[in-house]
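Asker: What follows is a single structure, and I will ask about it in a moment.
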Amino acid sequence: MLTATPTLASERLVERLATAKHVVVLTGAGVSAESGVPTFRGGGSTAVWRGLPFEVISSAGMLARDLPGVWEWFNFRRERLASVQPNRAHKVIAAWQERFADFTLVTQNIDNLHQQAGSRAVIELHGNIWRARCFDCETRHELRELRMAHDVPVCIDCGGNMRPDVVLFGEMLPPGAFERAAAAASHCELCFVVGTSAVVYPAASIPEIARAAGAYVVEVNPERTPLSDLCDEVLTGKAGEVLPLL
Ligand code: BV8
């Protein structure tokens, strides 16, 4: 006896999925949870490294105080990512770039899993863990191209010290990244917010911009977030289980 697929999406969402041309998806750590990447929050606790909450170790202040320490933190996370694969949620989102005429993927994740799943032109609001940037000449390099000196990669162009090419707390986002995301959000008909606790700004303002522009905003998350009340629809569940049903 065929069990009916639980119709998760409302009529309105089904209609929007059928008619929307401009679609924006914002993702957070939750979209990578089913790949085995730990989230930062959830279950009431915040990620801690060597006794420091991640918002402290991943901060501009820490970079100034202890560059090798910051590299150790990101080396640790990169080692864990090396054996991780994109999950069904990443794959569905990658397929959506063919499904919708004008599709924009905005992520807070630095884990590169969207790109590994086939997503192109991903707007990385917070950078990428597989890249480094020179303090002196600002050149970006893939980490695998670099040699380490005193636990800190050295720039192959100018010999300067390199830093992780990620946005730390208290730092500005990459030039143009937020502006491009906000522009897409301001003229989309449908905006999905997948796997984010929606507390870090300015990323969390993207669905607010979409809502203010009249878009239908849908949250996909097993837990409620500060954004849930603003959404037109909340699909409660894991991204890898919910997205394939849409
Ligand atoms: C800036 C890279 C200008 C490094 C990151 C306005 C109000 C208040 C504060 C501020 C504000 N404006 C600026 C600030 C300060 C700060 C900020 O937002 N602080 C927060 C903590 C209040 N913002 C900044 O500093 C930003 N810069 O604003 O510059 C400026 C400068 C100085 C002063 C003022 C302004 C830069 C922020 C970027 C920092 N870098 N990442 C690294 O990775 O270490 S942020 C990092 O944390 C992530 O990228 C992400 O953004 C955030 C974590 O959030 P999530 O991804 O949502 O993950 P989380 O674990 O929290 O939640 C997971 C969710 O998934 C949960 O809801 C869970 O239920 C759900 N889930 C779990 N499993 C699943 C699932 N969902 C679906 N499926 C599942 N299977």
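Just so we're on the same page: first chain in the structure tokens is A, next is B, and so on; residues restart at 1 for each chain, and ligands are numbered from 1 in the order they show up.
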Can I get the residues close to ligand 1 as a ChimeraX atom specification, where close means within 7 Å and we count only C-alpha atoms and all ligand atoms?
Answerer: /A:28-31,33-34,39-42,54-55,58,108-110,126-127,166-173,194-203,220-225,237-240
Asker: According to DSSP computed on the backbone, where in region 3-206 of chain A is there strand (DSSP E)? Give the residues as a PyMOL selection string.
Answerer: chain A and resi 22-27+48-49+52-53+102-107+123-124+127-134+140-142+148-149+152-153+162-166+190-194
Asker: DSSP on the backbone: what in region 16-54 of chain A comes out helix (DSSP H, G or I), as a list in words?
Answerer: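 Helix (DSSP H, G or I) assignments inside region 16-54 of chain A correspond to Arg16, Leu17, Ala18, Thr19, Ala29, Gly30, Val31, Ser32, Ala33, Glu34, Ser35 and Phe54 of chain A.
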Asker: Could you turn the residues from that selection into a file that holds C-alpha atoms, as a PDB file, in the first residue's frame?
Answerer:
```
ATOM      1  CA  ARG A  16       4.621  29.811  -5.602  1.00  0.00           C
ATOM      2  CA  LEU A  17       6.987  26.939  -6.429  1.00  0.00           C
ATOM      3  CA  ALA A  18       5.172  26.539  -9.732  1.00  0.00           C
ATOM      4  CA  THR A  19       5.143  30.225 -10.715  1.00  0.00           C
ATOM      5  CA  ALA A  29      25.217  25.551   9.303  1.00  0.00           C
ATOM      6  CA  GLY A  30      22.051  23.437   9.576  1.00  0.00           C
ATOM      7  CA  VAL A  31      22.143  22.594   5.853  1.00  0.00           C
ATOM      8  CA  SER A  32      25.477  20.829   6.445  1.00  0.00           C
ATOM      9  CA  ALA A  33      24.422  19.083   9.676  1.00  0.00           C
ATOM     10  CA  GLU A  34      23.314  15.911   7.843  1.00  0.00           C
ATOM     11  CA  SER A  35      26.780  15.752   6.272  1.00  0.00           C
ATOM     12  CA  PHE A  54      33.468  30.352  18.721  1.00  0.00           C
TER      13      PHE A  54
END
```
Asker: To one decimal place in Å, what is the distance between CA of Leu26 (chain A) and CA of Glu179 (chain A)?
Answerer: 14.0 Å
Asker: Quick one: of A:Ala177, A:Leu245, A:Leu63, A:Ile123, who's nearest to Val92 (chain A), counting only C-alpha atoms?
Answerer: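 The shortest atom-to-atom distance to Val92 (chain A) comes from A:Leu245.
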Asker: Counting only C-alpha atoms, which of A:Ile206, A:Val217, A:Trp130, A:Val25 gets nearest to Asp102 (chain A)?
Answerer: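 Using only C-alpha atoms, Asp102 (chain A) sits closest to A:Val25.
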Asker: Out of A:Cys158, A:Gln115, A:Ser186, A:Glu72, which residue has the shortest atom-to-atom distance to Arg50 (chain A) when counting only C-alpha atoms?
Answerer: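 Among the listed residues, the smallest separation from Arg50 (chain A) belongs to A:Glu72.
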Asker: Which residues come within 10 Å of Pro244 (chain A), counting only C-alpha atoms, excluding same-chain residues fewer than 6 positions away, as a list in words?
Answerer: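 Residues meeting the cut-off are Arg88, Ala89, Lys91, Val92 and Ile93 of chain A.
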Asker: Which residues are close to Phe135 (chain A), i.e. within 9 Å by only C-alpha atoms, leaving aside same-chain residues fewer than 2 positions away? Reply as an NGL selection string.
Answerer: :A and (133 or 137-139 or 155 or 160-163)
Asker: Name the closest residue to Ala121 (chain A) among the candidates A:Thr27, A:Ala204, A:Phe103, A:Asp165; distances are taken between atoms, counting only C-alpha atoms.
Answerer: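 Among the listed residues, A:Phe103 lies closest to Ala121 (chain A).
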Asker: Hey, what's within 12 Å of Asp151 (chain A) if we count only C-alpha atoms and toss same-chain stuff fewer than 2 positions away? As a PyMOL selection string, please?
Answerer: chain A and resi 66-75+146-149+153-154+161-163
Asker: Generate a file of the selected residues that holds N, CA, C and O atoms, formatted as a CSV table (one decimal), in the first residue's frame.
Answerer:
```csv
chain,number,residue,atom,x,y,z
A,66,ASP,N,46.3,36.5,18.3
A,66,ASP,CA,46.9,35.1,18.2
A,66,ASP,C,46.7,34.5,16.8
A,66,ASP,O,45.8,33.6,16.7
A,67,LEU,N,47.4,35.0,15.8
A,67,LEU,CA,47.2,34.5,14.4
A,67,LEU,C,47.4,33.0,14.4
A,67,LEU,O,46.5,32.2,13.8
A,68,PRO,N,48.5,32.4,14.9
A,68,PRO,CA,48.7,30.9,14.9
A,68,PRO,C,47.5,30.2,15.5
A,68,PRO,O,47.0,29.2,15.0
A,69,GLY,N,46.9,30.8,16.6
A,69,GLY,CA,45.8,30.1,17.3
A,69,GLY,C,44.6,30.1,16.4
A,69,GLY,O,43.9,29.1,16.4
A,70,VAL,N,44.4,31.2,15.7
A,70,VAL,CA,43.2,31.2,14.8
A,70,VAL,C,43.4,30.2,13.7
A,70,VAL,O,42.5,29.5,13.3
A,71,TRP,N,44.7,30.1,13.2
A,71,TRP,CA,44.9,29.1,12.1
A,71,TRP,C,44.7,27.7,12.7
A,71,TRP,O,44.1,26.8,12.0
A,72,GLU,N,45.1,27.4,13.9
A,72,GLU,CA,44.8,26.1,14.5
A,72,GLU,C,43.3,25.7,14.5
A,72,GLU,O,42.9,24.6,14.1
A,73,TRP,N,42.5,26.7,14.9
A,73,TRP,CA,41.0,26.5,14.9
A,73,TRP,C,40.5,26.2,13.5
A,73,TRP,O,39.8,25.2,13.4
A,74,PHE,N,40.9,26.9,12.5
A,74,PHE,CA,40.4,26.6,11.2
A,74,PHE,C,41.1,25.4,10.6
A,74,PHE,O,40.5,24.7,9.8
A,75,ASN,N,42.3,25.1,10.9
A,75,ASN,CA,43.0,23.8,10.5
A,75,ASN,C,42.2,22.6,11.0
A,75,ASN,O,41.9,21.7,10.3
A,146,LEU,N,49.7,26.8,-0.8
A,146,LEU,CA,50.6,27.6,0.1
A,146,LEU,C,51.5,26.7,0.9
A,146,LEU,O,51.2,25.5,1.2
A,147,ARG,N,52.7,27.2,1.3
A,147,ARG,CA,53.5,26.5,2.3
A,147,ARG,C,53.4,27.2,3.6
A,147,ARG,O,53.2,28.4,3.7
A,148,MET,N,53.6,26.4,4.7
A,148,MET,CA,53.4,27.0,6.0
A,148,MET,C,54.7,27.4,6.6
A,148,MET,O,55.8,26.8,6.3
A,149,ALA,N,54.8,28.6,7.3
A,149,ALA,CA,56.0,29.0,8.1
A,149,ALA,C,55.5,29.4,9.4
A,149,ALA,O,54.6,30.2,9.6
A,153,PRO,N,50.5,30.3,7.0
A,153,PRO,CA,50.9,30.3,5.6
A,153,PRO,C,51.5,31.6,5.2
A,153,PRO,O,51.2,32.6,5.7
A,154,VAL,N,52.4,31.5,4.2
A,154,VAL,CA,53.1,32.7,3.7
A,154,VAL,C,52.7,33.0,2.3
A,154,VAL,O,52.4,32.1,1.5
A,161,ASN,N,52.3,37.4,5.7
A,161,ASN,CA,51.6,36.4,6.4
A,161,ASN,C,50.2,36.3,5.8
A,161,ASN,O,49.6,37.4,5.4
A,162,MET,N,49.6,35.1,5.8
A,162,MET,CA,48.3,34.9,5.3
A,162,MET,C,47.3,34.7,6.4
A,162,MET,O,47.7,34.3,7.5
A,163,ARG,N,46.1,35.1,6.2
A,163,ARG,CA,45.0,34.9,7.2
A,163,ARG,C,43.9,34.0,6.5
A,163,ARG,O,43.8,34.0,5.3
```
Asker: What does the structure give for the distance between CA of Phe76 (chain A) and CA of Ala64 (chain A), in Å to one decimal?
Answerer: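 Here the two named atoms are 19.5 Å from each other.
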Asker: May I ask for the distance between CA of Pro86 (chain A) and CA of Cys188 (chain A), given in Å to one decimal place?
Answerer: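 According to the coordinates, CA of Pro86 (chain A) and CA of Cys188 (chain A) are separated by 26.1 Å.
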Asker: Skip Ala94 (chain A) itself and residues of its chain fewer than 2 positions away, then list as a CSV table (one decimal) with C-alpha atoms, in the first residue's frame all residues within 7 Å of it, counting only C-alpha atoms.
Answerer:
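Output (part.csv):
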```csv
chain,number,residue,atom,x,y,z
A,90,HIS,CA,22.9,20.6,-0.9
A,91,LYS,CA,22.0,18.5,-4.0
A,92,VAL,CA,18.4,19.7,-4.1
A,96,TRP,CA,17.2,24.5,-8.1
A,97,GLN,CA,19.6,26.6,-10.2
A,117,ALA,CA,27.2,19.7,-4.7
A,118,GLY,CA,27.3,21.6,-8.0
A,119,SER,CA,26.0,25.0,-7.0
```
